[in-house]
Structures are given as structure tokens and as C-alpha cells.
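What follows is a single structure, written as C-alpha cells, with notes after it.
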Amino acid sequence: MTRLVMIGGGRMGEALVSGLLRAHWADPDQVAVVEKLEQRRHELAARYPGVAVHREIDAVGAPIEGAVIAVKPGDVPAACGALASAGVQRILSIAAGVTVANLEALFTEPVPVVRAMPNTPVLVGAGAAAIAAGTHATDADLAWAEEVLGAAGVVVRVAEPLLDAVTGLSGSGPAYVFLVAEALIEAGVLAGLPRDVSETLAIQTMLGAARMLGESGDNAAQLRANVTSPGGTTAAGLQALEESGVRAAFLDAVQRATERSRQLGRP
């Protein structure tokens, strides 16, 4: 039995395969990748010796313990049809905007389906993903999905309607952080720092602050208070940010991205 088939060998699919192999979740010969592009198939085969890389799903052979659907929404129906013929036992879908109901409707027999929303830091093993159970998915199926996505980051469970909010926060969130990084770098240059120095300091400041959030045990408000001396430089900087409405801008950004996700998911 093939333990996992990755349908789609793009960057996200490869990141998950790499994480699973690195974590020894499966041996290479228990994993297969299905990728249409010939050049990409050659690249994946060279990078992951022992992993079978095929052009079509029917080349994998039955049965398939689990499959991850990591293709464009328009390619999902064909992928599910081929997986049904191959006797897939469970599905994890990271296809954007394809609902659990739509996925389940593509199978004539009940198949456990888990829908997920990961973000791009999966590519460096630091992703954030949320999963939602389908009608036939059990706790065991959710645990399996957590193992797969957990090889490249953290995973939380939510009800499917909340996946739009997940998209607005963590799905789009890396872009918000990159924008802040750009602004900090430009601010350092404006203050007189050479660009390379400003970039190094800004990036390391964000990395260090993120580690403190994840490892110190204090929440964001407490950490902010700890570094803000009364009447000091940080207090002056924070006052400028509050006067410019930065907090409100982030609230609005997450709300707008969430609503846009809802719009894209409607028929």
C-alpha cells in the first residue's frame, strides 16, 4: 500500500513531502508524487531518491492509504475521480476555495475528507495551517491530517466556516509581515543607516520578536509592555503608530481578506 500520494508537485506539495521524509513519517518508497509537468517530475525524482514520481494517478497503483490534493481548483474533479478509482482511503485537500461539500460530491462512495488552509511559510518548515473535518472524517482522519501538515509547521482544528477567517489572518498574514519588514527597512534608511545594515537589523528584529512570542510564555501585550519604558524611545514610536491607525489598519486588513475569501468560495 502507498502510504501517501501527493497530487501536485508544486512548491507546497514538495514542502510537505520534504517535511514528512525529514521527520521519518514514512520511508521514501511509501510516498508517491503525481505531477503533470515533465521537467518538474525530473526535478522531484532527483531531489527525493526512492519516491515514485508519476504523471498520472493510475500509475501509483491501489490501494492508497491517503492522498493530499495540492492542485489548482480546476484540476480537483479529475484528481478525485482518479483517486476514487485507485481506492483512496482518505483525502486531505489544500486546494484553495474548494469546499468539503464539493469534494465529497466528487466521490460516489463515502470517503473521509479533510480540508486545510496552510500558508506559505510551510516552504521553510514554519507554516501555520488550519484543518476542518468533512462529513465522514473521524478523529483518526484529523490526526492523520495533523501529522501530514505538522511536518511543516503548526496545525489547529476549526469548523469549516472559519477557514475564511484563517485565510484572512494566517493565509494572507505573511504578506502583512513582509510589508512591515519593507517599511522598517525603509525607515532605517531614512534615519541614516546603510540599506544592507537596515535590512539585517530589521529582519533579525522580526525573527527575534517572533521567537519571543513563541517561546517566552508571555503574550504579545505583555512583551510590548516589557520593552516600553515610560517616556522612552519605544513609547514615542508606539505613539506614532497608534496616531497613524496601524492597529486599526491590521484589523481592517484581516476583515477584508476574510470577506474576499468568502466571496471567492461562493458558487
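Residues in the C-alpha cells are named by chain (A, B, ... in the order shown) and by number from 1 within that chain; ligands are numbered from 1 in the order shown.
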Strand (DSSP E) residues, from DSSP on the backbone, in range 108-184 of chain A, as a ChimeraX atom specification: /A:113-118,127-133,153-157
Would you output that residue set with N, CA and C atoms, as a PDB file, in the first residue's frame?
```pdb
ATOM      1  N   VAL A 113     -12.900  13.168   4.145  1.00  0.00           N
ATOM      2  CA  VAL A 113     -12.269  14.345   3.545  1.00  0.00           C
ATOM      3  C   VAL A 113     -11.923  15.339   4.649  1.00  0.00           C
ATOM      4  N   VAL A 114     -10.716  15.853   4.603  1.00  0.00           N
ATOM      5  CA  VAL A 114     -10.290  16.938   5.486  1.00  0.00           C
ATOM      6  C   VAL A 114      -9.822  18.084   4.602  1.00  0.00           C
ATOM      7  N   ARG A 115     -10.352  19.262   4.858  1.00  0.00           N
ATOM      8  CA  ARG A 115      -9.954  20.444   4.100  1.00  0.00           C
ATOM      9  C   ARG A 115      -8.994  21.276   4.944  1.00  0.00           C
ATOM     10  N   ALA A 116      -7.966  21.829   4.314  1.00  0.00           N
ATOM     11  CA  ALA A 116      -6.960  22.581   5.062  1.00  0.00           C
ATOM     12  C   ALA A 116      -6.621  23.895   4.389  1.00  0.00           C
ATOM     13  N   MET A 117      -6.161  24.835   5.212  1.00  0.00           N
ATOM     14  CA  MET A 117      -5.648  26.109   4.725  1.00  0.00           C
ATOM     15  C   MET A 117      -4.269  26.326   5.330  1.00  0.00           C
ATOM     16  N   PRO A 118      -3.200  25.927   4.625  1.00  0.00           N
ATOM     17  CA  PRO A 118      -1.841  26.228   5.101  1.00  0.00           C
ATOM     18  C   PRO A 118      -1.362  27.555   4.521  1.00  0.00           C
ATOM     19  N   GLY A 127       5.201  26.661   8.837  1.00  0.00           N
ATOM     20  CA  GLY A 127       3.868  27.034   8.401  1.00  0.00           C
ATOM     21  C   GLY A 127       2.851  27.072   9.527  1.00  0.00           C
ATOM     22  N   ALA A 128       1.703  27.674   9.226  1.00  0.00           N
ATOM     23  CA  ALA A 128       0.541  27.651  10.104  1.00  0.00           C
ATOM     24  C   ALA A 128      -0.623  27.162   9.263  1.00  0.00           C
ATOM     25  N   ALA A 129      -1.295  26.126   9.727  1.00  0.00           N
ATOM     26  CA  ALA A 129      -2.389  25.543   8.952  1.00  0.00           C
ATOM     27  C   ALA A 129      -3.579  25.282   9.856  1.00  0.00           C
ATOM     28  N   ALA A 130      -4.764  25.384   9.288  1.00  0.00           N
ATOM     29  CA  ALA A 130      -5.997  25.009   9.975  1.00  0.00           C
ATOM     30  C   ALA A 130      -6.673  23.917   9.162  1.00  0.00           C
ATOM     31  N   ILE A 131      -7.290  22.966   9.858  1.00  0.00           N
ATOM     32  CA  ILE A 131      -7.981  21.875   9.183  1.00  0.00           C
ATOM     33  C   ILE A 131      -9.434  21.821   9.631  1.00  0.00           C
ATOM     34  N   ALA A 132     -10.297  21.363   8.718  1.00  0.00           N
ATOM     35  CA  ALA A 132     -11.724  21.222   9.002  1.00  0.00           C
ATOM     36  C   ALA A 132     -12.183  19.861   8.507  1.00  0.00           C
ATOM     37  N   ALA A 133     -12.970  19.188   9.320  1.00  0.00           N
ATOM     38  CA  ALA A 133     -13.405  17.825   9.013  1.00  0.00           C
ATOM     39  C   ALA A 133     -14.606  17.819   8.091  1.00  0.00           C
ATOM     40  N   GLY A 153       5.037  22.624  10.165  1.00  0.00           N
ATOM     41  CA  GLY A 153       4.548  23.752  10.943  1.00  0.00           C
ATOM     42  C   GLY A 153       3.530  23.344  11.983  1.00  0.00           C
ATOM     43  N   VAL A 154       2.739  24.301  12.448  1.00  0.00           N
ATOM     44  CA  VAL A 154       1.720  24.046  13.459  1.00  0.00           C
ATOM     45  C   VAL A 154       0.359  23.891  12.786  1.00  0.00           C
ATOM     46  N   VAL A 155      -0.522  23.148  13.453  1.00  0.00           N
ATOM     47  CA  VAL A 155      -1.840  22.850  12.894  1.00  0.00           C
ATOM     48  C   VAL A 155      -2.899  23.058  13.973  1.00  0.00           C
ATOM     49  N   VAL A 156      -4.002  23.693  13.603  1.00  0.00           N
ATOM     50  CA  VAL A 156      -5.134  23.852  14.510  1.00  0.00           C
ATOM     51  C   VAL A 156      -6.384  23.300  13.822  1.00  0.00           C
ATOM     52  N   ARG A 157      -7.370  22.925  14.638  1.00  0.00           N
ATOM     53  CA  ARG A 157      -8.643  22.438  14.114  1.00  0.00           C
ATOM     54  C   ARG A 157      -9.703  23.533  14.241  1.00  0.00           C
TER      55      ARG A 157
END
```
Could you give me, as a Markdown table, every range 87-161 of chain A residue with an atom at most 8 Å from range 11-26 of chain A, plus its closest atom pair and distance in Å to one decimal, counting only C-alpha atoms, rows ordered by chain then number?
```
| residue | atom | partner | partner_atom | distance |
| --- | --- | --- | --- | --- |
| A:Thr120 | CA | A:Met12 | CA | 7.5 |
| A:Val122 | CA | A:Ala15 | CA | 6.4 |
| A:Leu123 | CA | A:Ala15 | CA | 5.2 |
| A:Val124 | CA | A:Ala15 | CA | 7.6 |
| A:Gly125 | CA | A:Gly19 | CA | 6.9 |
| A:Val148 | CA | A:Leu20 | CA | 6.7 |
| A:Leu149 | CA | A:Leu16 | CA | 6.8 |
| A:Ala151 | CA | A:Gly19 | CA | 4.9 |
| A:Ala152 | CA | A:Gly19 | CA | 5.5 |
```
Quick one: distance from CA of Val111 in chain A to CA of Gln89 in chain A in Å, one decimal?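 Those two atoms sit 6.5 Å apart.
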DSSP on the backbone: what in range 187-229 of chain A comes out helix (DSSP H, G or I), as a VMD selection string? chain A and resid 187 to 190 195 to 215 220 to 226
Output N, CA, C and O atoms for every residue in the selection just made, as a tab-separated table (two decimals), in the first residue's frame.
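Below you can see out-v9.tsv, which holds the result:
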```tsv
chain	number	residue	atom	x	y	z
A	187	ALA	N	12.50	52.74	6.80
A	187	ALA	CA	12.60	53.69	7.91
A	187	ALA	C	14.04	53.79	8.41
A	187	ALA	O	14.52	54.88	8.74
A	188	GLY	N	14.73	52.64	8.46
A	188	GLY	CA	16.12	52.66	8.88
A	188	GLY	C	16.99	53.45	7.92
A	188	GLY	O	17.88	54.20	8.34
A	189	VAL	N	16.74	53.29	6.63
A	189	VAL	CA	17.48	54.04	5.62
A	189	VAL	C	17.22	55.54	5.78
A	189	VAL	O	18.13	56.37	5.72
A	190	LEU	N	15.93	55.88	5.99
A	190	LEU	CA	15.57	57.29	6.17
A	190	LEU	C	16.27	57.88	7.39
A	190	LEU	O	16.65	59.06	7.40
A	195	ARG	N	21.58	50.66	3.60
A	195	ARG	CA	20.46	49.76	3.34
A	195	ARG	C	20.74	48.33	3.81
A	195	ARG	O	19.86	47.68	4.38
A	196	ASP	N	21.95	47.82	3.57
A	196	ASP	CA	22.23	46.45	3.98
A	196	ASP	C	22.20	46.30	5.49
A	196	ASP	O	21.73	45.28	6.03
A	197	VAL	N	22.67	47.31	6.22
A	197	VAL	CA	22.62	47.27	7.68
A	197	VAL	C	21.17	47.33	8.16
A	197	VAL	O	20.76	46.58	9.05
A	198	SER	N	20.39	48.22	7.56
A	198	SER	CA	18.99	48.36	7.94
A	198	SER	C	18.23	47.05	7.69
A	198	SER	O	17.42	46.61	8.52
A	199	GLU	N	18.52	46.41	6.56
A	199	GLU	CA	17.84	45.15	6.24
A	199	GLU	C	18.20	44.06	7.24
A	199	GLU	O	17.32	43.33	7.72
A	200	THR	N	19.49	43.94	7.56
A	200	THR	CA	19.92	42.93	8.52
A	200	THR	C	19.26	43.14	9.88
A	200	THR	O	18.74	42.19	10.50
A	201	LEU	N	19.25	44.38	10.35
A	201	LEU	CA	18.68	44.68	11.67
A	201	LEU	C	17.16	44.47	11.69
A	201	LEU	O	16.62	43.93	12.65
A	202	ALA	N	16.48	44.88	10.61
A	202	ALA	CA	15.02	44.75	10.58
A	202	ALA	C	14.60	43.27	10.56
A	202	ALA	O	13.71	42.86	11.31
A	203	ILE	N	15.26	42.48	9.72
A	203	ILE	CA	14.90	41.06	9.63
A	203	ILE	C	15.17	40.34	10.93
A	203	ILE	O	14.33	39.57	11.44
A	204	GLN	N	16.34	40.58	11.53
A	204	GLN	CA	16.66	39.90	12.78
A	204	GLN	C	15.76	40.36	13.92
A	204	GLN	O	15.39	39.58	14.81
A	205	THR	N	15.36	41.63	13.89
A	205	THR	CA	14.42	42.12	14.90
A	205	THR	C	13.10	41.38	14.82
A	205	THR	O	12.52	40.99	15.85
A	206	MET	N	12.61	41.14	13.60
A	206	MET	CA	11.34	40.44	13.43
A	206	MET	C	11.48	38.96	13.82
A	206	MET	O	10.59	38.40	14.46
A	207	LEU	N	12.59	38.35	13.45
A	207	LEU	CA	12.82	36.95	13.83
A	207	LEU	C	12.90	36.80	15.34
A	207	LEU	O	12.31	35.90	15.94
A	208	GLY	N	13.65	37.70	15.98
A	208	GLY	CA	13.80	37.63	17.42
A	208	GLY	C	12.49	37.87	18.16
A	208	GLY	O	12.17	37.17	19.13
A	209	ALA	N	11.73	38.86	17.69
A	209	ALA	CA	10.44	39.14	18.32
A	209	ALA	C	9.49	37.96	18.16
A	209	ALA	O	8.76	37.61	19.10
A	210	ALA	N	9.50	37.33	17.00
A	210	ALA	CA	8.63	36.16	16.77
A	210	ALA	C	9.02	35.01	17.71
A	210	ALA	O	8.15	34.33	18.26
A	211	ARG	N	10.31	34.80	17.90
A	211	ARG	CA	10.75	33.74	18.81
A	211	ARG	C	10.33	34.03	20.24
A	211	ARG	O	9.92	33.13	20.98
A	212	MET	N	10.42	35.29	20.65
A	212	MET	CA	9.97	35.65	21.99
A	212	MET	C	8.48	35.38	22.16
A	212	MET	O	8.03	34.90	23.20
A	213	LEU	N	7.70	35.70	21.13
A	213	LEU	CA	6.26	35.42	21.19
A	213	LEU	C	5.98	33.93	21.35
A	213	LEU	O	5.09	33.53	22.09
A	214	GLY	N	6.76	33.12	20.63
A	214	GLY	CA	6.52	31.68	20.65
A	214	GLY	C	7.13	30.95	21.83
A	214	GLY	O	6.65	29.88	22.20
A	215	GLU	N	8.18	31.51	22.43
A	215	GLU	CA	8.95	30.76	23.41
A	215	GLU	C	8.97	31.34	24.82
A	215	GLU	O	9.29	30.63	25.78
A	220	ALA	N	1.49	38.85	23.62
A	220	ALA	CA	2.01	39.98	22.86
A	220	ALA	C	1.92	41.29	23.66
A	220	ALA	O	2.85	42.11	23.65
A	221	ALA	N	0.80	41.51	24.35
A	221	ALA	CA	0.62	42.75	25.09
A	221	ALA	C	1.67	42.87	26.20
A	221	ALA	O	2.22	43.96	26.43
A	222	GLN	N	1.95	41.77	26.89
A	222	GLN	CA	2.93	41.81	27.97
A	222	GLN	C	4.33	42.06	27.44
A	222	GLN	O	5.10	42.84	28.01
A	223	LEU	N	4.68	41.41	26.34
A	223	LEU	CA	6.00	41.62	25.75
A	223	LEU	C	6.17	43.06	25.28
A	223	LEU	O	7.26	43.66	25.43
A	224	ARG	N	5.13	43.63	24.71
A	224	ARG	CA	5.19	45.03	24.29
A	224	ARG	C	5.40	45.94	25.49
A	224	ARG	O	6.22	46.87	25.47
A	225	ALA	N	4.67	45.66	26.58
A	225	ALA	CA	4.81	46.48	27.79
A	225	ALA	C	6.22	46.37	28.38
A	225	ALA	O	6.77	47.35	28.88
A	226	ASN	N	6.79	45.17	28.29
A	226	ASN	CA	8.12	44.95	28.87
A	226	ASN	C	9.19	45.82	28.22
A	226	ASN	O	10.18	46.19	28.86
```
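Ranking A:Leu106, A:Val76, A:Ala67, A:Val100 by their shortest atom-to-atom distance to Ala159 in chain A, with only C-alpha atoms included, puts A:Val100 first.
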For a test of reading the model, state the distance in Å between CA of Leu83 in chain A and CA of Ala165 in chain A, rounded to one decimal. 29.7 Å
In Å, rounded to a single decimal, give me how far CA of Ala249 in chain A is from CA of Val180 in chain A. 12.0 Å
